>>> print(open('coords09.cif').read())   # mmCIF, C-alpha atoms
data_upload
loop_
_atom_site.label_atom_id
_atom_site.label_comp_id
_atom_site.auth_asym_id
_atom_site.auth_seq_id
_atom_site.Cartn_x
_atom_site.Cartn_y
_atom_site.Cartn_z
CA ARG K 25 -14.25 -10.65 -23.61
CA MET K 26 -12.03 -10.58 -20.51
CA SER K 27 -8.34 -11.13 -21.03
CA LYS K 28 -6.82 -14.23 -19.46
CA ARG K 29 -5.04 -12.04 -16.88
CA ARG K 30 -8.29 -10.20 -16.00
CA ALA K 31 -10.19 -13.50 -15.65
CA THR K 32 -7.47 -14.89 -13.36
CA ILE K 33 -7.58 -11.77 -11.16
CA ALA K 34 -11.38 -11.96 -10.92
CA LYS K 35 -11.24 -15.67 -10.07
CA ARG K 36 -8.65 -15.10 -7.31
CA LEU K 37 -10.66 -12.25 -5.77
CA VAL K 38 -13.82 -14.37 -5.66
CA GLU K 39 -11.87 -17.33 -4.20
CA VAL K 40 -10.39 -15.27 -1.39
CA GLN K 41 -13.82 -13.92 -0.45
CA ALA K 42 -15.10 -17.49 -0.24
CA THR K 43 -12.15 -18.87 1.75
CA ALA K 44 -10.97 -16.06 4.05
CA ALA K 45 -12.57 -14.67 7.16
CA MET K 46 -13.17 -11.08 6.06
CA LEU K 47 -13.12 -8.33 8.66
CA THR K 48 -12.78 -4.65 7.86
CA THR K 49 -11.65 -2.12 10.44
CA PHE K 50 -11.76 1.61 9.70
CA ASN K 51 -9.44 4.08 11.40
CA GLU K 52 -8.93 7.82 11.06
CA VAL K 53 -5.38 9.07 10.73
CA ASP K 54 -4.28 12.67 11.16
CA MET K 55 -1.98 13.24 8.19
CA SER K 56 -1.25 16.90 8.99
CA ALA K 57 2.31 16.28 10.22
CA VAL K 58 3.13 14.00 7.26
CA MET K 59 1.72 16.54 4.80
CA ALA K 60 3.73 19.36 6.42
CA LEU K 61 6.92 17.26 6.35
CA ARG K 62 6.34 16.27 2.72
CA ASN K 63 5.58 19.85 1.66
CA GLU K 64 8.67 21.14 3.44
CA HIS K 65 11.03 18.62 1.82
CA LYS K 66 9.44 17.59 -1.49
CA ASP K 67 11.41 20.02 -3.68
CA SER K 68 14.79 19.30 -2.09
CA PHE K 69 13.99 15.57 -2.04
CA LYS K 70 13.24 15.55 -5.77
CA GLU K 71 16.32 17.65 -6.51
CA LYS K 72 18.58 15.38 -4.46
CA HIS K 73 17.11 11.99 -5.38
CA GLY K 74 15.42 12.58 -8.74
CA VAL K 75 12.04 11.18 -7.63
CA SER K 76 9.01 12.70 -5.96
CA LEU K 77 8.40 12.11 -2.29
CA GLY K 78 4.98 10.47 -2.57
CA PHE K 79 2.66 9.43 0.19
CA MET K 80 3.14 5.74 -0.64
CA SER K 81 6.64 5.88 0.88
CA PHE K 82 5.16 7.09 4.17
CA PHE K 83 2.39 4.48 4.01
CA THR K 84 4.95 1.75 3.34
CA LYS K 85 7.13 2.78 6.29
CA SER K 86 4.06 2.94 8.53
CA VAL K 87 2.89 -0.51 7.44
CA CYS K 88 6.37 -1.91 8.15
CA GLU K 89 6.28 -0.41 11.65
CA GLY K 90 2.84 -1.92 12.14
CA LEU K 91 4.13 -5.32 11.08
CA ARG K 92 6.88 -5.07 13.70
CA ALA K 93 4.25 -4.37 16.36
CA PHE K 94 1.85 -7.05 15.07
CA PRO K 95 3.98 -9.75 13.40
CA ASN K 96 1.04 -12.16 12.98
CA VAL K 97 -0.32 -9.86 10.28
CA ASN K 98 2.87 -10.35 8.26
CA ALA K 99 1.96 -13.86 7.23
CA GLN K 100 0.60 -15.98 4.45
CA ILE K 101 -1.72 -18.95 4.44
CA ASP K 102 -0.55 -22.12 2.70
CA GLY K 103 -3.33 -24.69 2.94
CA GLU K 104 -3.71 -25.25 6.67
CA GLU K 105 -0.34 -23.69 7.52
CA ILE K 106 0.36 -20.09 8.55
CA ILE K 107 3.74 -18.92 7.31
CA SER K 108 5.12 -15.96 9.26
CA HIS K 109 7.77 -13.66 7.82
CA ASP K 110 10.58 -11.69 9.45
CA TYR K 111 10.76 -9.36 6.43
CA ALA K 112 8.20 -7.19 4.66
CA ASP K 113 7.70 -7.49 0.92
CA VAL K 114 4.96 -4.91 0.43
CA GLY K 115 2.62 -5.13 -2.55
CA ILE K 116 1.54 -1.79 -3.98
CA ALA K 117 -1.74 -1.99 -5.90
CA VAL K 118 -1.42 -0.11 -9.20
CA SER K 119 -4.10 0.60 -11.76
CA SER K 120 -2.90 -0.27 -15.26
CA PRO K 121 -4.54 -0.40 -18.68
CA LYS K 122 -4.76 -4.17 -18.21
CA GLY K 123 -6.39 -3.91 -14.78
CA LEU K 124 -5.18 -3.83 -11.20
CA MET K 125 -1.64 -5.10 -10.73
CA VAL K 126 0.36 -5.50 -7.51
CA PRO K 127 4.11 -5.02 -7.93
CA VAL K 128 6.14 -5.91 -4.84
CA LEU K 129 8.50 -3.61 -2.96
CA ARG K 130 11.07 -6.15 -1.71
CA ASN K 131 12.55 -5.77 1.78
CA ALA K 132 10.49 -2.63 2.37
CA HIS K 133 11.28 -2.84 6.09
CA ALA K 134 14.96 -2.10 5.34
CA GLN K 135 14.45 0.79 2.92
CA ASP K 136 14.62 4.49 3.69
CA LEU K 137 12.14 6.98 2.21
CA TRP K 138 14.34 7.66 -0.81
CA ALA K 139 14.83 4.01 -1.74
CA SER K 140 11.16 3.30 -1.14
CA ALA K 141 10.02 6.28 -3.24
CA ALA K 142 12.34 5.39 -6.12
CA GLU K 143 11.30 1.74 -6.14
CA VAL K 144 7.58 2.55 -5.93
CA VAL K 145 7.94 4.83 -8.97
CA ARG K 146 9.94 2.21 -10.90
CA LEU K 147 7.57 -0.64 -10.09
CA SER K 148 4.45 1.42 -10.80
CA GLU K 149 5.79 2.49 -14.19
CA ALA K 150 6.75 -1.10 -15.03
CA ALA K 151 3.28 -2.35 -14.06
CA ARG K 152 1.45 0.37 -16.00
CA SER K 153 3.57 -0.12 -19.12
CA GLY K 154 3.23 -3.92 -19.00
CA LYS K 155 6.98 -4.37 -18.48
CA ALA K 156 6.82 -5.77 -14.95
CA VAL K 157 8.16 -9.31 -14.81
CA ARG K 158 6.54 -12.12 -12.85
CA GLU K 159 9.08 -11.86 -10.00
CA GLU K 160 8.06 -8.21 -9.51
CA LEU K 161 4.37 -9.16 -9.27
CA THR K 162 4.47 -12.10 -6.85
CA GLY K 163 5.45 -12.87 -3.28
CA SER K 164 4.12 -9.90 -1.31
CA THR K 165 3.56 -10.42 2.41
CA ILE K 166 1.01 -7.58 2.72
CA THR K 167 -0.55 -5.16 0.22
CA ILE K 168 -1.35 -1.46 0.30
CA THR K 169 -4.08 -0.18 -1.99
CA SER K 170 -5.09 3.44 -2.40
CA LEU K 171 -8.31 5.02 -3.56
CA GLY K 172 -7.06 8.49 -2.65
CA ARG K 173 -6.55 9.67 -6.21
CA LEU K 174 -10.03 8.50 -7.10
CA GLY K 175 -11.50 10.55 -4.26
CA GLY K 176 -12.59 7.61 -2.15
CA ILE K 177 -12.92 8.27 1.57
CA VAL K 178 -13.74 4.71 2.70
CA SER K 179 -13.02 1.39 1.01
CA THR K 180 -13.14 -2.30 1.80
CA PRO K 181 -10.35 -3.84 -0.28
CA VAL K 182 -10.17 -7.57 -0.89
CA ILE K 183 -7.22 -9.45 0.58
CA ASN K 184 -4.52 -10.40 -1.91
CA HIS K 185 -4.37 -14.17 -1.32
CA PRO K 186 -2.34 -15.82 0.23
CA GLU K 187 -1.76 -12.76 2.43
CA VAL K 188 -3.79 -12.36 5.62
CA ALA K 189 -4.32 -8.58 5.47
CA ILE K 190 -4.52 -5.59 3.17
CA VAL K 191 -4.29 -1.90 4.01
CA GLY K 192 -6.61 0.44 2.12
CA VAL K 193 -5.65 4.10 2.23
CA ASN K 194 -8.07 6.76 1.07
CA ARG K 195 -8.26 10.44 0.18
CA ILE K 196 -6.75 12.95 2.59
CA ALA K 197 -9.29 15.66 3.35
CA LEU K 198 -9.42 18.74 5.57
CA ARG K 199 -11.91 17.92 8.36
CA PRO K 200 -12.90 19.42 11.70
CA VAL K 201 -11.60 17.37 14.64
CA MET K 202 -11.29 17.87 18.38
CA ARG K 203 -7.82 18.60 19.78
CA ASP K 204 -7.33 19.69 23.39
CA GLY K 205 -11.03 20.57 23.75
CA ALA K 206 -11.19 22.72 20.63
CA VAL K 207 -12.39 22.10 17.09
CA VAL K 208 -9.50 22.46 14.65
CA ALA K 209 -9.03 21.76 10.95
CA ARG K 210 -6.76 18.78 10.30
CA GLN K 211 -5.76 16.79 7.23
CA MET K 212 -7.49 13.48 7.93
CA MET K 213 -7.46 10.15 6.12
CA ASN K 214 -9.43 6.96 6.64
CA LEU K 215 -7.65 3.65 6.38
#
>>> encode(input="coords09.cif", output="structure tokens")
Amino acid sequence: RMSKRRATIAKRLVEVQATAAMLTTFNEVDMSAVMALRNEHKDSFKEKHGVSLGFMSFFTKSVCEGLRAFPNVNAQIDGEEIISHDYADVGIAVSSPKGLMVPVLRNAHAQDLWASAAEVVRLSEAARSGKAVREELTGSTITITSLGRLGGIVSTPVINHPEVAIVGVNRIALRPVMRDGAVVARQMMNL
């Protein structure tokens, strides 16, 4: 039998599919520069800050920059009203023993990589251990979900209602791409 939490999540996902205009856009992103930067600084970052420099920090900063460029995406729907936000509270989808949970990285737009990395780790651990409180699991303005660890290369995530968008990041893989008229190997990711 499904737990009450699991049944609520399932109900919300079905509701959003029935009430939202769903459109999925796929883009390729060259992650080579981010991977090189992360590899160059990950040891010193962990030594200095005590947390790993994960990709989610880079994804979060990128999403915040995207929200600045396209502020209509940083909104929520309340009945027939669209509520726009001048801040970014980014939901990070986390797999837990009790199912998918979405802890919220508050004021992500104002955080540096260190603060973002530390808070993502803290929130993820709280969600996985069942210690996340309601305030940490509600109020996101946009969500990032990742299938990268599962090996997924393309996904169509369901919007986390009442948000108007979700960003699905996938596995980073070495692929041949064209650069300056030549085929080169690059670390590519679909989102």
>>> resolve_selection(input="coords09.cif", expression="the PyMOL selection byres ((chain K and resi 140-144) around 9)", output="MDAnalysis selection string")
chainID K and resid 73:82 84:85 116 127:129 132 135:139 145:149
>>> resolve_selection(input="coords09.cif", expression="the PyMOL selection byres ((chain K and resi 179) around 9)", output="ChimeraX atom specification")
/K:50,170-171,176-178,180-181,192-194,214-215
>>> atom_distance(input="coords09.cif", atom1="atom CA of K:Asn131", atom2="atom CA of K:Tyr111")
6.1 Å
>>> residues_around(input="coords09.cif", residues="K:Val188", least_positions_apart="4", cutoff="9 Å", atoms="only C-alpha atoms", output="JSON, numbers by chain")
{"K": [44, 96, 97, 98, 99, 100, 101, 165, 166, 183, 184]}
>>> atom_distance(input="coords09.cif", atom1="atom CA of K:Pro121", atom2="atom CA of K:Arg152")
6.6 Å
>>> closest_residue(input="coords09.cif", among="K:Met125, K:Val87, K:Met202, K:Ala150", to="K:Ile168", atoms="all atoms listed in the file")
K:Val87
>>> closest_residue(input="coords09.cif", among="K:Val126, K:Phe83, K:Asp102, K:Arg158", to="K:Met55", atoms="all atoms listed in the file")
K:Phe83
>>> closest_residue(input="coords09.cif", among="K:Ala34, K:Ala156, K:Val207, K:Ile106", to="K:Glu187", atoms="only C-alpha atoms")
K:Ile106
>>> residues_around(input="coords09.cif", residues="K:Val53", least_positions_apart="4", cutoff="12 Å", atoms="all atoms listed in the file", output="count of residues only")
20
>>> closest_residue(input="coords09.cif", among="K:Pro200, K:Gly205, K:Pro186, K:Gly115", to="K:Leu161", atoms="all atoms listed in the file")
K:Gly115
>>> atom_distance(input="coords09.cif", atom1="atom CA of K:His133", atom2="atom CA of K:Gly175")
28.4 Å
>>> closest_residue(input="coords09.cif", among="K:Thr49, K:Ser108, K:Thr162, K:Thr43", to="K:Leu91", atoms="all atoms listed in the file")
K:Ser108
>>> residues_around(input="coords09.cif", residues="K:Arg30", least_positions_apart="3", cutoff="8 Å", atoms="only C-alpha atoms", output="list in words")
Met26, Ser27, Ile33, Ala34, Lys122 and Gly123 of chain K
>>> axis_aligned_box(input="coords09.cif", around="stretch 164-175 of chain K", padding_each_side="3 Å", output="JSON")
{"center_x": -3.7, "center_y": 0.1, "center_z": -2.2, "size_x": 21.6, "size_y": 27.0, "size_z": 15.8}
>>> closest_residue(input="coords09.cif", among="K:Ala31, K:Ala209, K:Val38, K:Ile190", to="K:Ala117", atoms="all atoms listed in the file")
K:Ile190
